[in-house]
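**Q** Handing you this structure, nothing more for now.
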Protein chains: 2
Amino acid sequence: MTRIFLWFALIFLMSKCTSDNTNKQKLDGRPDYVLVIHGGAGTLSRQTMTAEREMRYRAALDSALQVGEGILRAGGTALDAVTETVAWLEDCPLFNAGRGAVFTHEGRNELDASIMEGRTQRAGAVGAVTIVKNPIRLARAVMEKSPHVFLVGSGAERFAIENGLDTVSPSWFFTQERWEALQKMLQEDDKVGSASASSAAYQFGTVGAVALDRQGNLAAATSTGGMTNKRWNRIGDSPIIGAGTYASNDACAVSCTGHGEYFIRYAVAHDVWARMVYGGASLQEAAYEVIMKKLAEKGGRGGLIAVDKRGNIAMPFNSEGMYRGYARPGERKTAIFAGE
Amino acid sequence: MTRIFLWFALIFLMSKCTSDNTNKQKLDGRPDYVLVIHGGAGTLSRQTMTAEREMRYRAALDSALQVGEGILRAGGTALDAVTETVAWLEDCPLFNAGRGAVFTHEGRNELDASIMEGRTQRAGAVGAVTIVKNPIRLARAVMEKSPHVFLVGSGAERFAIENGLDTVSPSWFFTQERWEALQKMLQEDDKVGSASASSAAYQFGTVGAVALDRQGNLAAATSTGGMTNKRWNRIGDSPIIGAGTYASNDACAVSCTGHGEYFIRYAVAHDVWARMVYGGASLQEAAYEVIMKKLAEKGGRGGLIAVDKRGNIAMPFNSEGMYRGYARPGERKTAIFAGE
């Protein structure tokens, strides 16, 4: 009897030691820093993209990664890394955010952005702003310098001016390519005889970054010009905390891109967090289930980037491609198409 | 040996039958309809409220319940019930939504609202509108007549006009009591020398309704004037799907009221849903954990109303009181203070 007891005790202790070791290994295995970025998801296939265009996008993604990686490698915060990385992507005319944003039905650029800090779960967001050079910096100012989370329109712009953020003429955001995309869509509307008919021809585009810093803190940031030909001051998921952006140190940081209306209705960023915290899913499982199953079944196209507190990365998308990349010590990668 | 096997088989089948019966009983026990409403949470105590004022609020809550109950009893949809109930509360000057909304720093009324249908998970929301008589009807029009979920400001107002919704002069929303509340707060600002200093003196107020109809469909709706003295086109949680409002037939419908910034950061309405779906919590447990523990610990004051697919009700709040009430076949109740 005693011998049986001793055997059980031995097996129990052995299993406990093994699992403790596994945990320790995971903790020790956490990379010094992780940065993941996206530049939007959509109909990106090798067939429709020239080699020259592909190279330009890869170079831009790599440059954006270097901005954030420099901050993280030097011991900077995840919050600073996602802010500066997204600001760089906003300034780059290749992506639908800041300069290079798509045009509304009325021919304007209306910008949305949000940011969230995993340690404190503070958040800031702005919607439908037209004169703020870097909406992500404004979102951060809302988080840090106002008692509010979410400001929109001219009120958000007044707040930007009062807080000394860079403002520009609306023409600063103009790019010929986006203007032509609007004209093409307006012509299609005329043919069909309805503005909302173009809803089937959505063009997605967003930029975003998530990061884990040396202190183990997470942060997420997202910025966009929304969808070409959008009307009535439409707000997508990008400035909605819980939909386009979420970060909490207890699990993960998430930034989304895609057909915003679906991402709002399914609270996608918060859903990834909830599946990990309440459902015990890994980051990979949670992100995959939401994007490749739940959203795909409902017809919601897009993707997301995420990093968890252990430094694991997920970048699922159910569209043809997603501009994306990541950096961690000794490794920096960019990708556009599926299967890369 | 055979006898032991037979005993096991018998016990297994008995347990299976019992659990099947339990489920059946629960299904059969679902009330024909359920309607729950709130009129805002805040510093409501018996000491600070006159009997006359208390009676007016109770009568208003009861009238609002009758509006939605009439629809549900006649076999109408949960979506219609929450729309009409919230529209009634918007028209009632006692509550901070529609007529009777609080004033912004600039002396305006800026209204937010959202609605969500549990069966389809379609949703509609509007923010910072100033001339739409019933923001909840506009939110529903956005859901049903636009390809978008969320419209704000003058764009949302253009959409309202294009779709024939009732518009009014901004003065329609004026009430003397709310105006005086703003003046008092502005004087306090002057004393302290800072506008944001009044952030400590938040006045919460929102109206909302959740319902379960005869067909087993859920819906949720929320509407508000936001917080007195708010600035820069601040948007609270009320029009944020996942924060102030959420509904999904697989679990529950939720409408929140309180310090909106906290409700956004913790995606409160979606969090209740997620705790039920991923964590296996009951509606009571999920609602209680979020409001009485998570939010209370973080300093986020407010409450929520919720109904689950079985017809269970939750109405937790961590403030002194919450205007609230519910109706189901043979029972209609209103309450204001804690412990009622």
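We label chains A, B, ... in the order they appear in the structure tokens, count residues from 1 in each chain, and number ligands from 1 in the order shown.
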Could you list, as a list in words, every residue within 7 Å of range 269-277 of chain A, counting only C-alpha atoms and ignoring same-chain residues fewer than 5 positions away?
**A**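 Residues near the query, excluding close chain neighbours: Gly242, Ala243, Gly244, Thr245, Tyr246, Ala251, Cys252, Val254, Ser255, Cys256, Ser282, Leu283, Ala286, Ala287 and Val290 of chain A; Ala274 and Tyr278 of chain B.
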**Q** For the selection just defined, write its residues with N, CA, C and O atoms to a file, as a PDB file, in the first residue's frame.
**A**
ATOM      1  N   GLY A 242     -11.878  47.696 -29.167  1.00  0.00           N
ATOM      2  CA  GLY A 242     -12.636  46.443 -29.072  1.00  0.00           C
ATOM      3  C   GLY A 242     -12.947  45.868 -30.442  1.00  0.00           C
ATOM      4  O   GLY A 242     -13.069  44.668 -30.606  1.00  0.00           O
ATOM      5  N   ALA A 243     -13.062  46.733 -31.449  1.00  0.00           N
ATOM      6  CA  ALA A 243     -13.322  46.255 -32.817  1.00  0.00           C
ATOM      7  C   ALA A 243     -12.016  46.215 -33.613  1.00  0.00           C
ATOM      8  O   ALA A 243     -11.522  45.151 -33.968  1.00  0.00           O
ATOM      9  N   GLY A 244     -11.419  47.404 -33.882  1.00  0.00           N
ATOM     10  CA  GLY A 244     -10.209  47.464 -34.692  1.00  0.00           C
ATOM     11  C   GLY A 244      -8.924  47.384 -33.892  1.00  0.00           C
ATOM     12  O   GLY A 244      -7.867  47.057 -34.445  1.00  0.00           O
ATOM     13  N   THR A 245      -9.000  47.695 -32.614  1.00  0.00           N
ATOM     14  CA  THR A 245      -7.803  47.795 -31.768  1.00  0.00           C
ATOM     15  C   THR A 245      -8.118  47.277 -30.365  1.00  0.00           C
ATOM     16  O   THR A 245      -9.171  47.601 -29.822  1.00  0.00           O
ATOM     17  N   TYR A 246      -7.219  46.488 -29.787  1.00  0.00           N
ATOM     18  CA  TYR A 246      -7.344  46.132 -28.373  1.00  0.00           C
ATOM     19  C   TYR A 246      -5.988  45.707 -27.828  1.00  0.00           C
ATOM     20  O   TYR A 246      -5.184  45.120 -28.555  1.00  0.00           O
ATOM     21  N   ALA A 251      -3.082  39.335 -21.852  1.00  0.00           N
ATOM     22  CA  ALA A 251      -3.199  38.368 -22.954  1.00  0.00           C
ATOM     23  C   ALA A 251      -2.503  38.824 -24.234  1.00  0.00           C
ATOM     24  O   ALA A 251      -1.515  38.232 -24.657  1.00  0.00           O
ATOM     25  N   CYS A 252      -2.991  39.889 -24.871  1.00  0.00           N
ATOM     26  CA  CYS A 252      -2.505  40.177 -26.221  1.00  0.00           C
ATOM     27  C   CYS A 252      -2.761  41.608 -26.646  1.00  0.00           C
ATOM     28  O   CYS A 252      -3.471  42.355 -25.978  1.00  0.00           O
ATOM     29  N   VAL A 254      -3.903  43.591 -30.379  1.00  0.00           N
ATOM     30  CA  VAL A 254      -4.496  43.248 -31.677  1.00  0.00           C
ATOM     31  C   VAL A 254      -4.770  44.511 -32.494  1.00  0.00           C
ATOM     32  O   VAL A 254      -5.238  45.507 -31.955  1.00  0.00           O
ATOM     33  N   SER A 255      -4.465  44.471 -33.800  1.00  0.00           N
ATOM     34  CA  SER A 255      -4.870  45.530 -34.720  1.00  0.00           C
ATOM     35  C   SER A 255      -5.467  44.887 -35.971  1.00  0.00           C
ATOM     36  O   SER A 255      -4.876  43.972 -36.545  1.00  0.00           O
ATOM     37  N   CYS A 256      -6.638  45.363 -36.390  1.00  0.00           N
ATOM     38  CA  CYS A 256      -7.380  44.718 -37.485  1.00  0.00           C
ATOM     39  C   CYS A 256      -7.363  45.536 -38.767  1.00  0.00           C
ATOM     40  O   CYS A 256      -7.106  46.740 -38.758  1.00  0.00           O
ATOM     41  N   SER A 282      -5.004  29.563 -27.400  1.00  0.00           N
ATOM     42  CA  SER A 282      -3.721  30.208 -27.662  1.00  0.00           C
ATOM     43  C   SER A 282      -3.980  31.395 -28.580  1.00  0.00           C
ATOM     44  O   SER A 282      -5.066  31.517 -29.174  1.00  0.00           O
ATOM     45  N   LEU A 283      -2.991  32.286 -28.740  1.00  0.00           N
ATOM     46  CA  LEU A 283      -3.162  33.432 -29.643  1.00  0.00           C
ATOM     47  C   LEU A 283      -3.475  32.952 -31.055  1.00  0.00           C
ATOM     48  O   LEU A 283      -4.379  33.470 -31.720  1.00  0.00           O
ATOM     49  N   ALA A 286      -7.067  31.586 -31.243  1.00  0.00           N
ATOM     50  CA  ALA A 286      -8.062  32.651 -31.121  1.00  0.00           C
ATOM     51  C   ALA A 286      -8.135  33.478 -32.406  1.00  0.00           C
ATOM     52  O   ALA A 286      -9.218  33.721 -32.941  1.00  0.00           O
ATOM     53  N   ALA A 287      -6.970  33.892 -32.900  1.00  0.00           N
ATOM     54  CA  ALA A 287      -6.937  34.748 -34.096  1.00  0.00           C
ATOM     55  C   ALA A 287      -7.460  33.989 -35.312  1.00  0.00           C
ATOM     56  O   ALA A 287      -8.221  34.532 -36.128  1.00  0.00           O
ATOM     57  N   VAL A 290     -11.384  33.488 -35.227  1.00  0.00           N
ATOM     58  CA  VAL A 290     -12.161  34.703 -35.494  1.00  0.00           C
ATOM     59  C   VAL A 290     -12.102  35.063 -36.979  1.00  0.00           C
ATOM     60  O   VAL A 290     -13.132  35.303 -37.608  1.00  0.00           O
TER      61      VAL A 290
ATOM     62  N   ALA B 274     -19.026  37.522 -23.915  1.00  0.00           N
ATOM     63  CA  ALA B 274     -17.870  36.625 -24.014  1.00  0.00           C
ATOM     64  C   ALA B 274     -17.745  35.726 -22.787  1.00  0.00           C
ATOM     65  O   ALA B 274     -17.403  34.540 -22.904  1.00  0.00           O
ATOM     66  N   TYR B 278     -17.670  31.945 -23.904  1.00  0.00           N
ATOM     67  CA  TYR B 278     -16.371  31.267 -23.782  1.00  0.00           C
ATOM     68  C   TYR B 278     -16.106  30.773 -22.365  1.00  0.00           C
ATOM     69  O   TYR B 278     -15.386  29.798 -22.170  1.00  0.00           O
TER      70      TYR B 278
END
**Q** Please report as an mmCIF file with all heavy atoms, in the first residue's frame which residues of chain B come no farther than 7 Å from chain A, using only C-alpha atoms.
**A**
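Once everything was written out, this is part-v1.cif:
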data_model
loop_
_atom_site.group_PDB
_atom_site.id
_atom_site.type_symbol
_atom_site.label_atom_id
_atom_site.label_comp_id
_atom_site.auth_asym_id
_atom_site.auth_seq_id
_atom_site.Cartn_x
_atom_site.Cartn_y
_atom_site.Cartn_z
ATOM 1 N N GLN B 121 -27.201 39.850 -35.896
ATOM 2 C CA GLN B 121 -26.067 40.662 -35.423
ATOM 3 C C GLN B 121 -25.813 41.876 -36.319
ATOM 4 O O GLN B 121 -24.691 42.362 -36.415
ATOM 5 C CB GLN B 121 -24.819 39.806 -35.258
ATOM 6 C CG GLN B 121 -24.972 38.891 -34.030
ATOM 7 C CD GLN B 121 -23.660 38.329 -33.575
ATOM 8 O OE1 GLN B 121 -23.308 37.205 -33.908
ATOM 9 N NE2 GLN B 121 -22.910 39.112 -32.799
ATOM 10 N N ARG B 122 -26.862 42.331 -36.991
ATOM 11 C CA ARG B 122 -26.763 43.631 -37.645
ATOM 12 C C ARG B 122 -26.759 44.700 -36.565
ATOM 13 O O ARG B 122 -27.333 44.502 -35.479
ATOM 14 C CB ARG B 122 -27.967 43.866 -38.561
ATOM 15 C CG ARG B 122 -28.010 42.983 -39.788
ATOM 16 C CD ARG B 122 -29.114 43.434 -40.728
ATOM 17 N NE ARG B 122 -30.404 43.483 -40.047
ATOM 18 C CZ ARG B 122 -31.491 44.056 -40.541
ATOM 19 N NH1 ARG B 122 -31.441 44.667 -41.726
ATOM 20 N NH2 ARG B 122 -32.632 44.058 -39.872
ATOM 21 N N ALA B 123 -26.138 45.846 -36.869
ATOM 22 C CA ALA B 123 -26.080 46.915 -35.880
ATOM 23 C C ALA B 123 -26.065 48.260 -36.578
ATOM 24 O O ALA B 123 -25.671 48.377 -37.743
ATOM 25 C CB ALA B 123 -24.830 46.772 -35.015
ATOM 26 N N PRO B 147 -25.095 50.723 -46.012
ATOM 27 C CA PRO B 147 -24.154 49.597 -45.919
ATOM 28 C C PRO B 147 -23.229 49.736 -44.708
ATOM 29 O O PRO B 147 -22.343 48.915 -44.515
ATOM 30 C CB PRO B 147 -23.366 49.699 -47.225
ATOM 31 C CG PRO B 147 -23.406 51.151 -47.579
ATOM 32 C CD PRO B 147 -24.703 51.702 -47.042
ATOM 33 N N HIS B 148 -23.430 50.802 -43.911
ATOM 34 C CA HIS B 148 -22.515 51.082 -42.807
ATOM 35 C C HIS B 148 -23.129 50.724 -41.454
ATOM 36 O O HIS B 148 -24.316 50.437 -41.346
ATOM 37 C CB HIS B 148 -22.120 52.559 -42.829
ATOM 38 C CG HIS B 148 -21.446 52.960 -44.112
ATOM 39 N ND1 HIS B 148 -20.466 52.193 -44.702
ATOM 40 C CD2 HIS B 148 -21.621 54.029 -44.918
ATOM 41 C CE1 HIS B 148 -20.054 52.780 -45.824
ATOM 42 N NE2 HIS B 148 -20.745 53.889 -45.982
ATOM 43 N N VAL B 149 -22.309 50.775 -40.420
ATOM 44 C CA VAL B 149 -22.777 50.573 -39.051
ATOM 45 C C VAL B 149 -22.813 51.892 -38.292
ATOM 46 O O VAL B 149 -23.729 52.155 -37.530
ATOM 47 C CB VAL B 149 -21.875 49.564 -38.288
ATOM 48 C CG1 VAL B 149 -22.162 49.600 -36.791
ATOM 49 C CG2 VAL B 149 -22.083 48.145 -38.809
ATOM 50 N N PHE B 150 -21.815 52.756 -38.527
ATOM 51 C CA PHE B 150 -21.610 53.902 -37.629
ATOM 52 C C PHE B 150 -21.416 55.190 -38.439
ATOM 53 O O PHE B 150 -20.462 55.309 -39.198
ATOM 54 C CB PHE B 150 -20.369 53.620 -36.767
ATOM 55 C CG PHE B 150 -20.184 54.528 -35.580
ATOM 56 C CD1 PHE B 150 -21.189 55.360 -35.112
ATOM 57 C CD2 PHE B 150 -18.972 54.540 -34.899
ATOM 58 C CE1 PHE B 150 -21.002 56.183 -34.018
ATOM 59 C CE2 PHE B 150 -18.764 55.356 -33.787
ATOM 60 C CZ PHE B 150 -19.785 56.179 -33.355
ATOM 61 N N LEU B 151 -22.329 56.143 -38.257
ATOM 62 C CA LEU B 151 -22.210 57.463 -38.895
ATOM 63 C C LEU B 151 -22.172 58.533 -37.807
ATOM 64 O O LEU B 151 -22.826 58.388 -36.771
ATOM 65 C CB LEU B 151 -23.411 57.728 -39.810
ATOM 66 C CG LEU B 151 -23.736 56.681 -40.879
ATOM 67 C CD1 LEU B 151 -24.955 57.135 -41.695
ATOM 68 C CD2 LEU B 151 -22.554 56.439 -41.802
ATOM 69 N N VAL B 152 -21.432 59.614 -38.066
ATOM 70 C CA VAL B 152 -21.349 60.675 -37.051
ATOM 71 C C VAL B 152 -21.597 62.058 -37.638
ATOM 72 O O VAL B 152 -21.497 62.264 -38.857
ATOM 73 C CB VAL B 152 -19.972 60.694 -36.334
ATOM 74 C CG1 VAL B 152 -19.718 59.396 -35.594
ATOM 75 C CG2 VAL B 152 -18.838 60.992 -37.304
ATOM 76 N N GLY B 153 -21.914 62.994 -36.736
ATOM 77 C CA GLY B 153 -21.980 64.411 -37.042
ATOM 78 C C GLY B 153 -22.889 64.780 -38.198
ATOM 79 O O GLY B 153 -23.958 64.196 -38.390
ATOM 80 N N GLY B 155 -22.644 64.337 -41.324
ATOM 81 C CA GLY B 155 -22.877 63.266 -42.291
ATOM 82 C C GLY B 155 -24.063 62.403 -41.879
ATOM 83 O O GLY B 155 -24.936 62.080 -42.690
ATOM 84 N N ALA B 156 -24.097 62.061 -40.604
ATOM 85 C CA ALA B 156 -25.214 61.271 -40.080
ATOM 86 C C ALA B 156 -26.520 62.050 -40.230
ATOM 87 O O ALA B 156 -27.573 61.486 -40.532
ATOM 88 C CB ALA B 156 -24.961 60.920 -38.615
ATOM 89 N N ARG B 158 -27.170 64.351 -42.560
ATOM 90 C CA ARG B 158 -27.567 64.317 -43.982
ATOM 91 C C ARG B 158 -28.274 62.993 -44.293
ATOM 92 O O ARG B 158 -29.291 62.966 -44.980
ATOM 93 C CB ARG B 158 -26.324 64.456 -44.887
ATOM 94 C CG ARG B 158 -25.837 65.875 -45.085
ATOM 95 C CD ARG B 158 -24.984 66.006 -46.355
ATOM 96 N NE ARG B 158 -23.920 65.016 -46.431
ATOM 97 C CZ ARG B 158 -22.757 65.098 -45.791
ATOM 98 N NH1 ARG B 158 -22.504 66.123 -44.991
ATOM 99 N NH2 ARG B 158 -21.840 64.156 -45.939
ATOM 100 N N PHE B 159 -27.732 61.911 -43.757
ATOM 101 C CA PHE B 159 -28.356 60.598 -43.964
ATOM 102 C C PHE B 159 -29.775 60.587 -43.383
ATOM 103 O O PHE B 159 -30.704 60.038 -43.996
ATOM 104 C CB PHE B 159 -27.508 59.504 -43.315
ATOM 105 C CG PHE B 159 -28.087 58.127 -43.451
ATOM 106 C CD1 PHE B 159 -27.912 57.396 -44.617
ATOM 107 C CD2 PHE B 159 -28.829 57.564 -42.416
ATOM 108 C CE1 PHE B 159 -28.466 56.126 -44.754
ATOM 109 C CE2 PHE B 159 -29.387 56.293 -42.549
ATOM 110 C CZ PHE B 159 -29.204 55.574 -43.718
ATOM 111 N N SER B 196 -11.073 70.657 -17.800
ATOM 112 C CA SER B 196 -11.072 69.215 -17.611
ATOM 113 C C SER B 196 -11.139 68.844 -16.134
ATOM 114 O O SER B 196 -11.330 67.703 -15.788
ATOM 115 C CB SER B 196 -9.833 68.601 -18.255
ATOM 116 O OG SER B 196 -8.682 69.233 -17.767
ATOM 117 N N SER B 199 -13.964 66.962 -14.810
ATOM 118 C CA SER B 199 -14.118 65.560 -15.180
ATOM 119 C C SER B 199 -14.458 64.701 -13.973
ATOM 120 O O SER B 199 -15.020 63.628 -14.102
ATOM 121 C CB SER B 199 -12.843 65.047 -15.845
ATOM 122 O OG SER B 199 -11.772 65.140 -14.936
ATOM 123 N N TRP B 232 -15.103 68.809 -27.396
ATOM 124 C CA TRP B 232 -14.410 68.279 -28.570
ATOM 125 C C TRP B 232 -15.149 67.119 -29.253
ATOM 126 O O TRP B 232 -14.520 66.156 -29.675
ATOM 127 C CB TRP B 232 -13.000 67.828 -28.181
ATOM 128 C CG TRP B 232 -12.210 68.805 -27.379
ATOM 129 C CD1 TRP B 232 -11.776 70.042 -27.780
ATOM 130 C CD2 TRP B 232 -11.717 68.636 -26.043
ATOM 131 N NE1 TRP B 232 -11.058 70.637 -26.776
ATOM 132 C CE2 TRP B 232 -11.001 69.792 -25.701
ATOM 133 C CE3 TRP B 232 -11.817 67.602 -25.102
ATOM 134 C CZ2 TRP B 232 -10.388 69.960 -24.459
ATOM 135 C CZ3 TRP B 232 -11.215 67.767 -23.863
ATOM 136 C CH2 TRP B 232 -10.511 68.926 -23.559
ATOM 137 N N ASN B 233 -16.491 67.239 -29.361
ATOM 138 C CA ASN B 233 -17.265 66.136 -29.957
ATOM 139 C C ASN B 233 -16.894 64.794 -29.331
ATOM 140 O O ASN B 233 -16.647 63.818 -30.023
ATOM 141 C CB ASN B 233 -17.053 66.052 -31.470
ATOM 142 C CG ASN B 233 -17.511 67.265 -32.230
ATOM 143 O OD1 ASN B 233 -16.838 67.758 -33.101
ATOM 144 N ND2 ASN B 233 -18.687 67.764 -31.886
ATOM 145 N N ARG B 234 -16.898 64.778 -28.008
ATOM 146 C CA ARG B 234 -16.618 63.530 -27.293
ATOM 147 C C ARG B 234 -17.732 62.505 -27.565
ATOM 148 O O ARG B 234 -18.907 62.828 -27.547
ATOM 149 C CB ARG B 234 -16.520 63.804 -25.797
ATOM 150 C CG ARG B 234 -16.388 62.553 -24.926
ATOM 151 C CD ARG B 234 -17.720 62.176 -24.296
ATOM 152 N NE ARG B 234 -17.569 61.109 -23.289
ATOM 153 C CZ ARG B 234 -18.590 60.493 -22.715
ATOM 154 N NH1 ARG B 234 -19.827 60.830 -23.015
ATOM 155 N NH2 ARG B 234 -18.388 59.545 -21.830
ATOM 156 N N ILE B 235 -17.318 61.278 -27.830
ATOM 157 C CA ILE B 235 -18.248 60.164 -28.008
ATOM 158 C C ILE B 235 -18.059 59.205 -26.838
ATOM 159 O O ILE B 235 -16.924 58.854 -26.511
ATOM 160 C CB ILE B 235 -17.943 59.419 -29.327
ATOM 161 C CG1 ILE B 235 -17.994 60.372 -30.527
ATOM 162 C CG2 ILE B 235 -18.848 58.213 -29.505
ATOM 163 C CD1 ILE B 235 -19.317 60.508 -31.190
ATOM 164 N N GLY B 236 -19.153 58.803 -26.213
ATOM 165 C CA GLY B 236 -19.076 57.864 -25.097
ATOM 166 C C GLY B 236 -19.268 56.434 -25.565
ATOM 167 O O GLY B 236 -19.067 56.118 -26.736
ATOM 168 N N ILE B 241 -20.742 49.751 -30.518
ATOM 169 C CA ILE B 241 -21.157 48.352 -30.481
ATOM 170 C C ILE B 241 -20.044 47.568 -29.781
ATOM 171 O O ILE B 241 -18.883 47.678 -30.149
ATOM 172 C CB ILE B 241 -21.385 47.818 -31.918
ATOM 173 C CG1 ILE B 241 -22.481 48.628 -32.622
ATOM 174 C CG2 ILE B 241 -21.713 46.324 -31.905
ATOM 175 C CD1 ILE B 241 -23.843 48.602 -31.966
ATOM 176 N N GLY B 242 -20.410 46.804 -28.756
ATOM 177 C CA GLY B 242 -19.406 46.065 -27.978
ATOM 178 C C GLY B 242 -19.113 46.749 -26.654
ATOM 179 O O GLY B 242 -18.743 46.096 -25.693
ATOM 180 N N GLU B 261 -16.074 56.208 -20.740
ATOM 181 C CA GLU B 261 -14.682 55.924 -21.070
ATOM 182 C C GLU B 261 -14.254 54.544 -20.547
ATOM 183 O O GLU B 261 -13.554 53.799 -21.231
ATOM 184 C CB GLU B 261 -13.774 57.028 -20.519
ATOM 185 C CG GLU B 261 -13.686 58.277 -21.405
ATOM 186 C CD GLU B 261 -14.943 59.109 -21.485
ATOM 187 O OE1 GLU B 261 -15.843 58.910 -20.651
ATOM 188 O OE2 GLU B 261 -15.061 59.968 -22.379
ATOM 189 N N ILE B 264 -15.866 51.760 -22.640
ATOM 190 C CA ILE B 264 -15.188 51.548 -23.929
ATOM 191 C C ILE B 264 -13.925 50.719 -23.709
ATOM 192 O O ILE B 264 -13.681 49.729 -24.408
ATOM 193 C CB ILE B 264 -14.809 52.893 -24.593
ATOM 194 C CG1 ILE B 264 -16.064 53.686 -24.976
ATOM 195 C CG2 ILE B 264 -13.924 52.649 -25.819
ATOM 196 C CD1 ILE B 264 -15.766 55.065 -25.571
ATOM 197 N N ARG B 265 -13.097 51.117 -22.745
ATOM 198 C CA ARG B 265 -11.805 50.464 -22.538
ATOM 199 C C ARG B 265 -11.957 48.985 -22.172
ATOM 200 O O ARG B 265 -11.068 48.181 -22.475
ATOM 201 C CB ARG B 265 -11.030 51.204 -21.439
ATOM 202 C CG ARG B 265 -10.547 52.580 -21.907
ATOM 203 C CD ARG B 265 -10.207 53.483 -20.747
ATOM 204 N NE ARG B 265 -9.193 52.901 -19.885
ATOM 205 C CZ ARG B 265 -8.918 53.328 -18.644
ATOM 206 N NH1 ARG B 265 -9.602 54.334 -18.140
ATOM 207 N NH2 ARG B 265 -7.975 52.752 -17.934
ATOM 208 N N ALA B 267 -14.721 47.195 -23.073
ATOM 209 C CA ALA B 267 -15.700 46.597 -23.999
ATOM 210 C C ALA B 267 -16.779 45.846 -23.225
ATOM 211 O O ALA B 267 -17.006 44.656 -23.423
ATOM 212 C CB ALA B 267 -14.980 45.682 -24.994
ATOM 213 N N ALA B 274 -19.026 37.522 -23.915
ATOM 214 C CA ALA B 274 -17.870 36.625 -24.014
ATOM 215 C C ALA B 274 -17.745 35.726 -22.787
ATOM 216 O O ALA B 274 -17.403 34.540 -22.904
ATOM 217 C CB ALA B 274 -16.591 37.435 -24.202
ATOM 218 N N ARG B 275 -18.018 36.271 -21.607
ATOM 219 C CA ARG B 275 -17.939 35.448 -20.389
ATOM 220 C C ARG B 275 -18.961 34.322 -20.421
ATOM 221 O O ARG B 275 -18.712 33.236 -19.893
ATOM 222 C CB ARG B 275 -18.191 36.332 -19.156
ATOM 223 C CG ARG B 275 -17.003 37.183 -18.776
ATOM 224 C CD ARG B 275 -17.395 38.257 -17.774
ATOM 225 N NE ARG B 275 -16.305 39.185 -17.566
ATOM 226 C CZ ARG B 275 -15.440 39.124 -16.546
ATOM 227 N NH1 ARG B 275 -15.568 38.190 -15.641
ATOM 228 N NH2 ARG B 275 -14.466 39.999 -16.448
ATOM 229 N N TYR B 278 -17.670 31.945 -23.904
ATOM 230 C CA TYR B 278 -16.371 31.267 -23.782
ATOM 231 C C TYR B 278 -16.106 30.773 -22.365
ATOM 232 O O TYR B 278 -15.386 29.798 -22.170
ATOM 233 C CB TYR B 278 -15.240 32.196 -24.212
ATOM 234 C CG TYR B 278 -15.404 32.741 -25.609
ATOM 235 C CD1 TYR B 278 -15.229 34.095 -25.875
ATOM 236 C CD2 TYR B 278 -15.743 31.900 -26.669
ATOM 237 C CE1 TYR B 278 -15.385 34.606 -27.156
ATOM 238 C CE2 TYR B 278 -15.913 32.401 -27.944
ATOM 239 C CZ TYR B 278 -15.733 33.750 -28.185
ATOM 240 O OH TYR B 278 -15.895 34.246 -29.448
ATOM 241 N N GLY B 279 -16.655 31.487 -21.376
ATOM 242 C CA GLY B 279 -16.341 31.150 -19.991
ATOM 243 C C GLY B 279 -17.411 30.305 -19.322
ATOM 244 O O GLY B 279 -17.235 29.861 -18.191
#
**Q** Over all Cα atoms in order, fit chain A to chain B and jot down the RMSD to one decimal place.
**A**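 Computed value for the CA RMSD is 0.3 Å.
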**Q** Could you tell me, as a VMD selection string, which residues of range 75-182 of chain B DSSP assigns to alpha helix (DSSP H) when given the backbone?
**A** chain B and resid 78 to 91 135 to 145 153 to 162 176 to 182
**Q** Skip Phe95 in chain A itself and residues of its chain fewer than 5 positions away, then list as a tab-separated table (two decimals) with C-alpha atoms, in the first residue's frame all residues within 10 Å of it, counting only C-alpha atoms.
**A**
chain	number	residue	atom	x	y	z
A	38	HIS	CA	0.08	45.52	-41.34
A	39	GLY	CA	-0.61	47.82	-44.26
A	40	GLY	CA	-4.10	46.57	-45.11
A	57	TYR	CA	5.60	47.87	-50.81
A	60	ALA	CA	8.09	50.45	-47.23
A	89	LEU	CA	2.98	54.38	-42.34
A	90	GLU	CA	0.56	57.36	-42.26
A	100	GLY	CA	-2.45	58.36	-49.30
A	101	ALA	CA	-5.84	57.92	-47.63
A	102	VAL	CA	-8.77	57.03	-49.86
A	205	GLY	CA	-6.93	49.50	-46.36
A	206	THR	CA	-5.61	50.28	-42.95
A	207	VAL	CA	-2.26	50.41	-41.24
A	224	THR	CA	-7.03	54.45	-41.76
A	225	GLY	CA	-8.70	56.57	-44.40
A	323	TYR	CA	0.65	43.72	-46.39
